[in-house]
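Note: the block below is input-v8.txt and it holds compact mmCIF, C-alpha atoms.
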# COMPACT_ATOMS: atom_id res chain seq x y z
CA MET A 20 173.96 -98.43 29.12
CA ARG A 21 173.32 -94.80 28.14
CA ASP A 22 170.42 -92.86 29.57
CA ALA A 23 168.82 -89.46 28.94
CA VAL A 24 168.12 -87.04 31.76
CA ILE A 25 166.53 -83.62 32.14
CA VAL A 26 168.74 -81.12 33.94
CA GLU A 27 166.64 -77.99 33.41
CA ALA A 28 163.14 -77.11 32.19
CA VAL A 29 161.72 -73.62 31.77
CA ARG A 30 158.78 -71.91 30.15
CA THR A 31 157.33 -68.52 29.49
CA PRO A 32 154.05 -67.56 31.06
CA VAL A 33 151.25 -68.54 28.70
CA ALA A 34 149.49 -65.50 27.25
CA LYS A 35 146.22 -64.84 25.47
CA GLY A 36 146.68 -65.63 21.81
CA LYS A 37 145.28 -62.41 20.44
CA PRO A 38 146.34 -58.79 19.93
CA GLY A 39 146.71 -57.25 23.37
CA GLY A 40 147.96 -60.48 24.91
CA ALA A 41 151.11 -60.19 27.02
CA LEU A 42 153.31 -61.89 24.40
CA HIS A 43 151.66 -60.66 21.19
CA ALA A 44 154.33 -58.03 20.52
CA GLU A 45 157.09 -60.65 20.60
CA HIS A 46 158.09 -62.37 17.36
CA PRO A 47 157.84 -66.18 17.82
CA VAL A 48 161.55 -66.55 17.01
CA ASP A 49 162.43 -64.23 19.88
CA LEU A 50 159.85 -65.87 22.13
CA LEU A 51 161.54 -69.25 21.72
CA ALA A 52 164.97 -67.65 22.00
CA ARG A 53 163.99 -66.39 25.47
CA THR A 54 163.62 -69.94 26.74
CA LEU A 55 166.92 -71.03 25.18
CA THR A 56 168.66 -68.12 26.86
CA ALA A 57 166.99 -69.03 30.16
CA LEU A 58 168.38 -72.57 29.97
CA VAL A 59 171.89 -71.20 29.46
CA ASP A 60 171.52 -68.63 32.23
CA ARG A 61 170.17 -71.15 34.73
CA THR A 62 172.72 -73.88 34.08
CA GLY A 63 175.77 -71.89 33.07
CA ILE A 64 176.32 -74.28 30.18
CA ASP A 65 178.41 -73.18 27.23
CA PRO A 66 175.95 -73.22 24.29
CA ALA A 67 178.73 -74.69 22.14
CA GLU A 68 178.22 -77.94 24.10
CA VAL A 69 174.75 -78.39 22.55
CA ASP A 70 174.78 -81.01 19.80
CA ASP A 71 171.33 -80.12 18.44
CA VAL A 72 168.19 -78.14 19.20
CA ILE A 73 164.87 -79.79 18.27
CA GLY A 74 161.81 -77.54 18.36
CA GLY A 75 158.11 -78.15 17.92
CA VAL A 76 155.90 -75.75 15.96
CA VAL A 77 152.47 -76.58 14.56
CA THR A 78 151.60 -73.72 12.19
CA GLN A 79 154.82 -73.50 10.20
CA ALA A 80 153.84 -70.50 8.11
CA GLY A 81 154.57 -66.77 8.05
CA GLU A 82 156.68 -65.80 11.05
CA GLN A 83 156.87 -69.45 12.13
CA ALA A 84 158.21 -70.75 8.80
CA VAL A 85 161.71 -71.57 7.47
CA ASN A 86 162.92 -73.75 10.37
CA LEU A 87 162.00 -71.36 13.17
CA THR A 88 164.11 -73.31 15.68
CA ARG A 89 167.32 -72.54 13.82
CA SER A 90 166.41 -68.86 13.77
CA ALA A 91 165.75 -68.96 17.52
CA VAL A 92 169.13 -70.58 18.18
CA LEU A 93 170.83 -67.74 16.34
CA ALA A 94 168.62 -65.09 17.94
CA ALA A 95 169.59 -66.47 21.36
CA GLY A 96 173.23 -65.84 20.56
CA PHE A 97 174.28 -69.49 20.36
CA PRO A 98 177.34 -70.21 18.23
CA GLU A 99 176.59 -70.64 14.54
CA SER A 100 177.93 -74.19 14.86
CA VAL A 101 174.87 -75.28 16.90
CA PRO A 102 172.35 -76.95 14.54
CA ALA A 103 168.58 -76.98 14.91
CA THR A 104 165.49 -78.50 13.34
CA THR A 105 161.73 -78.05 13.63
CA VAL A 106 159.22 -80.90 13.88
CA ASP A 107 155.44 -81.13 13.58
CA ARG A 108 153.34 -83.77 15.30
CA GLN A 109 150.52 -81.28 15.69
CA CYS A 110 149.71 -80.53 19.36
CA GLY A 111 152.35 -83.04 20.49
CA SER A 112 155.15 -81.41 18.51
CA SER A 113 157.40 -80.45 21.41
CA GLN A 114 156.69 -83.67 23.30
CA GLN A 115 157.86 -85.43 20.13
CA ALA A 116 160.87 -83.09 20.10
CA ALA A 117 161.67 -84.30 23.62
CA HIS A 118 161.32 -87.92 22.46
CA PHE A 119 163.68 -87.36 19.53
CA ALA A 120 166.15 -85.53 21.77
CA ALA A 121 166.19 -88.20 24.49
CA GLN A 122 166.29 -91.06 22.00
CA GLY A 123 169.23 -89.38 20.29
CA VAL A 124 171.08 -89.19 23.60
CA ILE A 125 170.31 -92.82 24.47
CA SER A 126 171.48 -93.97 21.03
CA GLY A 127 174.75 -92.08 21.31
CA ALA A 128 173.95 -89.62 18.52
CA TYR A 129 173.95 -86.74 21.03
CA ASP A 130 175.49 -85.97 24.40
CA VAL A 131 173.68 -82.66 25.02
CA VAL A 132 170.52 -81.53 23.25
CA ILE A 133 167.66 -79.07 23.78
CA ALA A 134 164.03 -79.94 23.14
CA CYS A 135 161.69 -76.99 22.93
CA GLY A 136 158.56 -75.58 21.34
CA VAL A 137 156.76 -72.35 20.58
CA GLU A 138 153.47 -71.09 19.17
CA SER A 139 152.37 -67.51 18.68
CA MET A 140 148.72 -68.04 17.85
CA SER A 141 148.09 -64.30 17.99
CA ARG A 142 150.58 -63.63 15.18
CA VAL A 143 150.26 -66.87 13.20
CA PRO A 144 146.63 -68.01 13.43
CA MET A 145 145.85 -71.71 13.64
CA GLY A 146 145.16 -73.11 10.17
CA SER A 147 147.04 -70.42 8.28
CA ALA A 148 149.54 -72.96 6.94
CA VAL A 149 146.79 -74.30 4.63
CA LEU A 150 146.60 -72.13 1.54
CA PRO A 151 143.12 -70.98 0.48
CA GLY A 152 141.59 -73.49 -1.89
CA SER A 153 144.23 -76.15 -1.19
CA ASP A 154 143.52 -79.72 -0.08
CA PRO A 155 145.95 -80.98 2.60
CA PHE A 156 144.58 -84.56 2.45
CA GLY A 157 144.54 -85.72 -1.17
CA PRO A 158 142.49 -88.29 -3.08
CA GLY A 159 143.68 -91.31 -1.12
CA MET A 160 142.47 -89.93 2.21
CA HIS A 161 139.15 -88.86 0.71
CA ALA A 162 138.68 -92.32 -0.74
CA ARG A 163 139.27 -93.95 2.64
CA TYR A 164 137.03 -91.49 4.51
CA PRO A 165 134.39 -90.55 1.91
CA GLU A 166 132.06 -88.90 4.43
CA GLY A 167 134.89 -86.60 5.47
CA LEU A 168 136.80 -86.01 8.68
CA VAL A 169 135.88 -83.17 11.03
CA GLY A 170 137.51 -80.46 13.10
CA GLN A 171 138.64 -81.10 16.64
CA GLY A 172 135.63 -79.38 18.19
CA ILE A 173 133.28 -81.82 16.46
CA SER A 174 135.52 -84.69 17.52
CA ALA A 175 135.24 -83.47 21.11
CA GLU A 176 131.45 -83.45 20.74
CA LEU A 177 131.51 -87.01 19.38
CA ILE A 178 133.61 -88.13 22.36
CA THR A 179 131.17 -86.40 24.72
CA ALA A 180 128.28 -88.26 23.11
CA ARG A 181 130.00 -91.66 22.98
CA TRP A 182 130.99 -91.57 26.66
CA LYS A 183 127.69 -89.94 27.64
CA PHE A 184 129.20 -86.98 29.45
CA THR A 185 126.86 -84.18 30.50
CA ARG A 186 127.44 -80.48 30.20
CA GLU A 187 127.84 -80.41 33.97
CA ASP A 188 130.59 -83.07 33.74
CA LEU A 189 132.53 -80.96 31.23
CA ASP A 190 132.08 -77.69 33.08
CA ALA A 191 132.96 -79.16 36.47
CA PHE A 192 136.23 -80.48 35.07
CA ALA A 193 137.00 -77.08 33.55
CA LEU A 194 136.22 -75.30 36.80
CA GLU A 195 138.62 -77.57 38.68
CA SER A 196 141.37 -76.82 36.14
CA HIS A 197 141.03 -73.10 36.87
CA ARG A 198 140.89 -73.71 40.62
CA ARG A 199 144.05 -75.79 40.60
CA ALA A 200 145.99 -73.41 38.35
CA ALA A 201 145.02 -70.39 40.44
CA ALA A 202 145.98 -72.20 43.65
CA ALA A 203 149.32 -73.23 42.12
CA TRP A 204 150.12 -69.63 41.21
CA ASP A 205 149.02 -68.35 44.62
CA GLY A 206 151.13 -71.03 46.31
CA GLY A 207 154.27 -70.21 44.31
CA GLU A 208 154.26 -73.61 42.61
CA PHE A 209 154.99 -72.14 39.17
CA ASP A 210 157.72 -69.78 40.33
CA ARG A 211 160.63 -72.09 39.50
CA GLU A 212 159.43 -73.16 36.06
CA VAL A 213 158.40 -69.74 34.73
CA ALA A 214 161.59 -67.82 34.07
CA TRP A 215 160.00 -64.34 34.05
CA THR A 216 159.00 -62.90 37.41
CA GLY A 217 155.91 -60.76 37.75
CA GLN A 218 154.04 -62.48 34.89
CA ARG A 219 151.34 -65.10 35.21
CA ASP A 220 149.46 -67.32 32.80
CA GLU A 221 146.86 -64.94 31.39
CA THR A 222 143.92 -67.27 30.80
CA VAL A 223 143.60 -68.62 34.34
CA ARG A 224 140.24 -67.40 35.65
CA PRO A 225 140.13 -67.84 39.44
CA GLY A 226 136.76 -66.14 39.65
CA THR A 227 134.87 -68.37 37.23
CA SER A 228 131.95 -70.49 38.44
CA MET A 229 129.64 -73.27 37.31
CA GLU A 230 127.00 -70.61 36.71
CA ALA A 231 129.30 -68.60 34.46
CA LEU A 232 130.37 -71.69 32.53
CA ALA A 233 126.77 -72.84 32.15
CA GLY A 234 125.89 -69.55 30.46
CA LEU A 235 128.25 -70.14 27.52
CA LYS A 236 126.82 -71.27 24.19
CA PRO A 237 128.02 -74.35 22.27
CA ALA A 238 131.13 -73.36 20.32
CA TYR A 239 130.94 -75.75 17.37
CA TYR A 240 127.28 -76.14 16.41
CA GLN A 241 126.68 -76.30 12.66
CA PRO A 242 123.41 -77.48 11.08
CA ALA A 243 125.21 -79.80 8.64
CA TYR A 244 127.00 -81.60 11.47
CA ALA A 245 123.83 -81.70 13.55
CA GLU A 246 122.18 -83.58 10.68
CA ARG A 247 125.15 -85.91 10.15
CA PHE A 248 125.66 -86.66 13.84
CA PRO A 249 122.24 -86.63 15.55
CA GLU A 250 123.80 -88.16 18.68
CA ILE A 251 125.68 -84.94 19.47
CA GLY A 252 124.19 -82.92 22.31
CA TRP A 253 126.35 -79.81 21.67
CA GLN A 254 127.98 -79.58 25.09
CA VAL A 255 131.44 -78.22 24.18
CA THR A 256 131.92 -74.50 24.81
CA ALA A 257 134.76 -72.02 25.03
CA GLY A 258 134.68 -72.63 28.77
CA ASN A 259 135.37 -76.37 28.71
CA ALA A 260 137.90 -76.22 25.87
CA SER A 261 141.44 -74.86 25.82
CA PRO A 262 141.83 -71.24 24.69
CA ILE A 263 144.08 -69.80 21.98
CA ASN A 264 147.50 -68.87 23.35
CA ASP A 265 151.08 -67.72 22.89
CA GLY A 266 154.00 -69.31 24.71
CA ALA A 267 157.26 -71.25 24.62
CA ALA A 268 159.08 -73.84 26.71
CA ALA A 269 162.42 -75.69 26.63
CA LEU A 270 164.21 -78.61 28.27
CA LEU A 271 167.95 -79.29 28.52
CA ILE A 272 168.51 -83.02 27.99
CA MET A 273 171.78 -84.95 28.18
CA SER A 274 173.36 -88.21 29.25
CA SER A 275 174.19 -88.73 32.93
CA ASP A 276 177.86 -88.85 31.95
CA ALA A 277 177.58 -85.45 30.26
CA ALA A 278 175.80 -84.04 33.31
CA ARG A 279 178.63 -85.21 35.58
CA ARG A 280 181.23 -83.78 33.21
CA LEU A 281 179.45 -80.41 33.15
CA GLY A 282 178.73 -80.36 36.89
CA LEU A 283 174.95 -80.40 36.41
CA ARG A 284 172.38 -82.29 38.47
CA PRO A 285 170.09 -84.75 36.66
CA ARG A 286 166.53 -84.15 37.81
CA ALA A 287 164.48 -86.73 35.90
CA ARG A 288 165.24 -89.65 33.61
CA PHE A 289 163.38 -90.56 30.45
CA HIS A 290 162.09 -94.01 31.34
CA SER A 291 159.84 -95.01 28.41
CA PHE A 292 158.32 -93.62 25.20
CA ALA A 293 155.31 -94.43 23.04
CA VAL A 294 153.34 -92.96 20.20
CA ALA A 295 149.98 -94.30 19.05
CA GLY A 296 147.34 -93.76 16.41
CA ASP A 297 143.56 -94.11 16.68
CA ASP A 298 140.36 -93.24 14.81
CA PRO A 299 140.97 -89.91 13.00
CA LEU A 300 137.26 -89.06 13.14
CA LEU A 301 137.23 -89.16 16.95
CA MET A 302 140.77 -87.79 16.57
CA LEU A 303 141.48 -87.13 20.26
CA THR A 304 141.23 -90.63 21.78
CA ALA A 305 144.73 -91.97 21.03
CA VAL A 306 145.80 -90.93 24.53
CA VAL A 307 144.18 -94.17 25.73
CA PRO A 308 146.22 -96.64 23.62
CA ALA A 309 149.32 -94.45 24.00
CA THR A 310 149.02 -94.70 27.80
CA GLU A 311 148.55 -98.46 27.65
CA LYS A 312 151.51 -98.80 25.30
CA VAL A 313 153.94 -96.72 27.35
CA LEU A 314 153.01 -98.48 30.59
CA ALA A 315 153.57 -101.86 28.95
CA ARG A 316 156.96 -100.74 27.66
CA ALA A 317 157.87 -99.36 31.07
CA GLY A 318 156.82 -102.54 32.89
CA LEU A 319 154.69 -100.37 35.18
CA SER A 320 151.04 -100.29 36.17
CA LEU A 321 148.77 -97.28 36.43
CA GLY A 322 149.13 -97.45 40.20
CA ASP A 323 152.89 -96.95 39.94
CA ILE A 324 152.42 -93.48 38.44
CA GLY A 325 152.39 -90.70 41.00
CA LEU A 326 151.43 -87.82 38.69
CA PHE A 327 149.86 -87.52 35.25
CA GLU A 328 149.85 -84.67 32.75
CA VAL A 329 147.10 -85.22 30.18
CA ASN A 330 146.65 -82.27 27.87
CA GLU A 331 143.29 -80.59 28.33
CA ALA A 332 142.50 -79.78 24.71
CA PHE A 333 138.87 -80.31 25.72
CA SER A 334 137.30 -81.59 28.95
CA PRO A 335 135.89 -84.75 27.33
CA VAL A 336 139.37 -85.85 26.20
CA VAL A 337 140.66 -86.18 29.75
CA LEU A 338 137.36 -87.53 31.06
CA ALA A 339 137.26 -90.27 28.39
CA TRP A 340 140.93 -91.11 29.11
CA ARG A 341 140.13 -91.36 32.79
CA HIS A 342 137.05 -93.50 32.12
CA GLU A 343 139.08 -95.98 30.06
CA THR A 344 142.21 -96.10 32.24
CA GLY A 345 140.64 -95.78 35.70
CA ALA A 346 143.18 -93.14 36.74
CA ASP A 347 142.56 -91.06 39.86
CA LEU A 348 141.80 -87.49 38.76
CA ALA A 349 143.36 -86.24 42.01
CA ARG A 350 146.73 -87.16 40.45
CA VAL A 351 145.98 -85.70 37.00
CA ASN A 352 147.03 -82.15 36.09
CA VAL A 353 147.51 -81.28 39.74
CA ARG A 354 148.47 -77.68 38.88
CA GLY A 355 145.67 -77.21 36.40
CA GLY A 356 145.76 -77.91 32.71
CA ALA A 357 145.38 -76.32 29.31
CA ILE A 358 141.76 -75.29 29.86
CA ALA A 359 143.08 -72.80 32.43
CA ILE A 360 146.78 -72.37 31.68
CA GLY A 361 146.35 -72.39 27.90
CA HIS A 362 147.44 -74.41 24.88
CA PRO A 363 150.08 -72.69 22.70
CA LEU A 364 150.11 -75.64 20.30
CA GLY A 365 153.77 -76.26 19.49
CA ALA A 366 154.90 -75.33 23.01
CA SER A 367 152.42 -77.43 24.96
CA GLY A 368 154.35 -80.70 25.05
CA ALA A 369 157.42 -79.00 26.51
CA ARG A 370 155.22 -76.91 28.81
CA LEU A 371 153.52 -80.01 30.23
CA MET A 372 156.86 -81.74 30.71
CA THR A 373 158.30 -78.68 32.45
CA THR A 374 155.34 -78.62 34.82
CA LEU A 375 155.51 -82.38 35.37
CA VAL A 376 159.20 -82.37 36.33
CA HIS A 377 158.72 -79.57 38.85
CA ALA A 378 155.57 -81.14 40.33
CA MET A 379 157.30 -84.53 40.69
CA GLU A 380 160.15 -82.86 42.55
CA ASP A 381 157.88 -80.83 44.82
CA ARG A 382 155.74 -83.86 45.71
CA GLY A 383 158.48 -86.49 45.76
CA GLU A 384 156.77 -88.71 43.18
CA ARG A 385 159.04 -91.27 41.53
CA TYR A 386 157.12 -91.72 38.26
CA GLY A 387 155.20 -89.28 36.09
CA LEU A 388 153.31 -89.96 32.85
CA GLN A 389 152.52 -87.37 30.18
CA THR A 390 150.25 -87.86 27.20
CA MET A 391 148.72 -85.54 24.60
CA CYS A 392 146.02 -85.91 21.98
CA GLU A 393 147.03 -84.72 18.51
CA ALA A 394 145.26 -83.98 15.25
CA GLY A 395 144.87 -86.92 12.91
CA GLY A 396 144.14 -89.38 15.72
CA LEU A 397 147.63 -89.41 17.27
CA ALA A 398 149.10 -89.24 20.77
CA ASN A 399 152.50 -89.28 22.44
CA ALA A 400 153.13 -90.73 25.87
CA THR A 401 156.22 -90.43 28.07
CA VAL A 402 157.14 -91.89 31.45
CA LEU A 403 159.66 -89.89 33.50
CA GLU A 404 161.47 -91.12 36.59
CA LEU A 405 162.52 -88.69 39.31
CA LEU A 406 166.21 -88.71 40.20
Taking this structure as input, can you express it in the form of structure tokens?
Amino acid sequence: MRDAVIVEAVRTPVAKGKPGGALHAEHPVDLLARTLTALVDRTGIDPAEVDDVIGGVVTQAGEQAVNLTRSAVLAAGFPESVPATTVDRQCGSSQQAAHFAAQGVISGAYDVVIACGVESMSRVPMGSAVLPGSDPFGPGMHARYPEGLVGQGISAELITARWKFTREDLDAFALESHRRAAAAWDGGEFDREVAWTGQRDETVRPGTSMEALAGLKPAYYQPAYAERFPEIGWQVTAGNASPINDGAAALLIMSSDAARRLGLRPRARFHSFAVAGDDPLLMLTAVVPATEKVLARAGLSLGDIGLFEVNEAFSPVVLAWRHETGADLARVNVRGGAIAIGHPLGASGARLMTTLVHAMEDRGERYGLQTMCEAGGLANATVLELL
């Protein structure tokens, strides 16, 4: 029976997604190409062995348009014979790329494949793929949801209200994310996964405090939404939400047979996959059914999972997930999450998986579970097994 294994996983440092950020000067094609080159350099693989490259990008407009992944493959110097495609499952795009890559290997469609992702939010702003005056939803969606859906910040506020989280709950979670990320950098825990020495994730704030976080104003307050949703307490701020970022990440995935043939060591096996949908108004809660679904498919319980990576789009997302699953937060995002490290949309799935593989190795944990909330009420979930 064929399997799919990860033999290498790398990422760039995550930079501020604005002019002046450490990666702003780099075209997103070249930014992704850097991670592809790093995979080749680290493994010594002949790029001609790669059957396909599947990349995740959310805002596929401007410099991120026209199948960016194919352009990155060529910019990295891979042979012209290596194909590539770009997928969009919103924030889970590169986790979905990893699913497609691994499933292709298991099915026999591929022997060697790269899953990757990139987002340059400083050069291609979020939302710029929607043309001014255009409607990305259409009459059918409006008929089903006549009151209208909302942006993710409002969804995060609705989650905060439904689960009755306080501002202190949200800020304390955010503070811990920064503490863990700073400690991981200081302890050298990111050194193997970040392929560029001397650069750190730019949005980690080791000096922040509960007092500093408490001084931030609500980020999404609008009078119209306050009238529509009187239950909202307006607790979500820039401090307990993920920032805007630039970054890229990539994973080299293949069958165990291909790894043996190429003299490469399998590090983790794709054990189980799931994708789930949930209420598009709350939008960010599908991580709960996705987690339940992937555990059922894996034949595992929550207690079997040694480490979790749950994307920190907003503090209340992870807190609601934890409330519903009962997971131990001491095992969740042990090296910090997106609130500190950052959330370069299309790269985040591959970034989380890169971090998860390295953390599982360093801590000797057999199973790891990754899940991400995604726009439209979607979520991916993956179980990895350490080899």
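Interatomic distance, CA of Gly252 in chain A to CA of Leu194 in chain A: 20.3 Å.
When all atoms listed in the file are used to measure the gap to Pro335 in chain A, the shortest distance among A:Ile272, A:Cys392, A:Val402, A:Ala233 belongs to A:Cys392.
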With all atoms listed in the file as the counted atoms, please give the residues lying no more than 9 Å from Gly296 in chain A, apart from itself and same-chain residues fewer than 2 positions off, as an mmCIF file with C-alpha atoms, in the coordinates of the input.
data_model
loop_
_atom_site.group_PDB
_atom_site.id
_atom_site.type_symbol
_atom_site.label_atom_id
_atom_site.label_comp_id
_atom_site.auth_asym_id
_atom_site.auth_seq_id
_atom_site.Cartn_x
_atom_site.Cartn_y
_atom_site.Cartn_z
ATOM 1 C CA VAL A 294 153.340 -92.960 20.200
ATOM 2 C CA ASP A 298 140.360 -93.240 14.810
ATOM 3 C CA PRO A 299 140.970 -89.910 13.000
ATOM 4 C CA MET A 302 140.770 -87.790 16.570
ATOM 5 C CA THR A 304 141.230 -90.630 21.780
ATOM 6 C CA ALA A 305 144.730 -91.970 21.030
ATOM 7 C CA VAL A 306 145.800 -90.930 24.530
ATOM 8 C CA PRO A 308 146.220 -96.640 23.620
ATOM 9 C CA ALA A 309 149.320 -94.450 24.000
ATOM 10 C CA GLY A 395 144.870 -86.920 12.910
ATOM 11 C CA GLY A 396 144.140 -89.380 15.720
ATOM 12 C CA LEU A 397 147.630 -89.410 17.270
ATOM 13 C CA ALA A 398 149.100 -89.240 20.770
#
What are the nearest atom pairs, with distances in Å to one decimal, for all residues of range 288-345 of chain A that come at most 8 Å from range 361-378 of chain A, using all atoms listed in the file, set out by chain and rising residue number as a Markdown table?
| residue | atom | partner | partner_atom | distance |
| --- | --- | --- | --- | --- |
| A:Leu326 | CA | A:Leu375 | CA | 7.6 |
| A:Phe327 | CA | A:Leu375 | CA | 7.6 |
| A:Glu328 | CA | A:Leu371 | CA | 6.4 |
| A:Asn330 | CA | A:Leu371 | CA | 7.6 |
| A:Ala332 | CA | A:His362 | CA | 7.3 |
Could you give me the axis-aligned bounding box of range 326-340 of chain A, with 3 Å of padding per side, as centre plus edge lengths in Å to one decimal, as JSON?
{"center_x": 143.7, "center_y": -85.4, "center_z": 31.7, "size_x": 21.5, "size_y": 17.3, "size_z": 20.0}
Contacts of Arg53 in chain A at 10 Å or less, counting all atoms listed in the file, minus same-chain residues fewer than 5 places along, as a VMD selection string? chain A and resid 29 to 31 47 to 48 58 91 to 92 94 to 95 214 to 215 267 to 269
For the interface of range 199-302 of chain A with range 161-183 of chain A (cut-off 8 Å, counting all atoms listed in the file), please tabulate each contacting residue of range 199-302 of chain A alongside its nearest pair of atoms and their separation in Å to one decimal, rows sorted by chain and increasing number, as a Markdown table.
| residue | atom | partner | partner_atom | distance |
| --- | --- | --- | --- | --- |
| A:Ala238 | CA | A:Gly172 | CA | 7.8 |
| A:Tyr239 | CA | A:Gly172 | CA | 6.0 |
| A:Glu250 | CA | A:Ala180 | CA | 6.3 |
| A:Ile251 | CA | A:Ala180 | CA | 5.6 |
| A:Gly252 | CA | A:Ala180 | CA | 6.8 |
| A:Trp253 | CA | A:Glu176 | CA | 6.3 |
| A:Gln254 | CA | A:Glu176 | CA | 6.8 |
| A:Val255 | CA | A:Glu176 | CA | 6.3 |
| A:Pro299 | CA | A:Leu168 | CA | 7.2 |
| A:Leu300 | CA | A:Leu168 | CA | 5.4 |
| A:Leu301 | CA | A:Ser174 | CA | 4.8 |
| A:Met302 | CA | A:Ser174 | CA | 6.2 |
Selection to disk with C-alpha atoms, as a short mmCIF file (atom, residue, chain, number, x, y, z; two decimals), in the frame of the given file:
data_model
loop_
_atom_site.label_atom_id
_atom_site.label_comp_id
_atom_site.auth_asym_id
_atom_site.auth_seq_id
_atom_site.Cartn_x
_atom_site.Cartn_y
_atom_site.Cartn_z
CA ALA A 238 131.13 -73.36 20.32
CA TYR A 239 130.94 -75.75 17.37
CA GLU A 250 123.80 -88.16 18.68
CA ILE A 251 125.68 -84.94 19.47
CA GLY A 252 124.19 -82.92 22.31
CA TRP A 253 126.35 -79.81 21.67
CA GLN A 254 127.98 -79.58 25.09
CA VAL A 255 131.44 -78.22 24.18
CA PRO A 299 140.97 -89.91 13.00
CA LEU A 300 137.26 -89.06 13.14
CA LEU A 301 137.23 -89.16 16.95
CA MET A 302 140.77 -87.79 16.57
#
Minimum-distance residue to Gly96 in chain A, chosen among A:Val132, A:Arg61, A:Ala52, A:Ala120 (using all atoms listed in the file):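 Closest residue, counting all atoms listed in the file: A:Ala52.
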Dump as an MDAnalysis selection string all residues having an atom at most 12 Å from (147.8, -69.3, 12.5), computed in the file's coordinates with all atoms listed in the file. chainID A and resid 36:37 47 76:84 138:150 263:265 363:365
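Among A:Cys135, A:Leu281, A:Leu235, A:Ala257, the residue with the shortest atom-to-atom distance to Ile64 in chain A, counting only C-alpha atoms, is A:Leu281.
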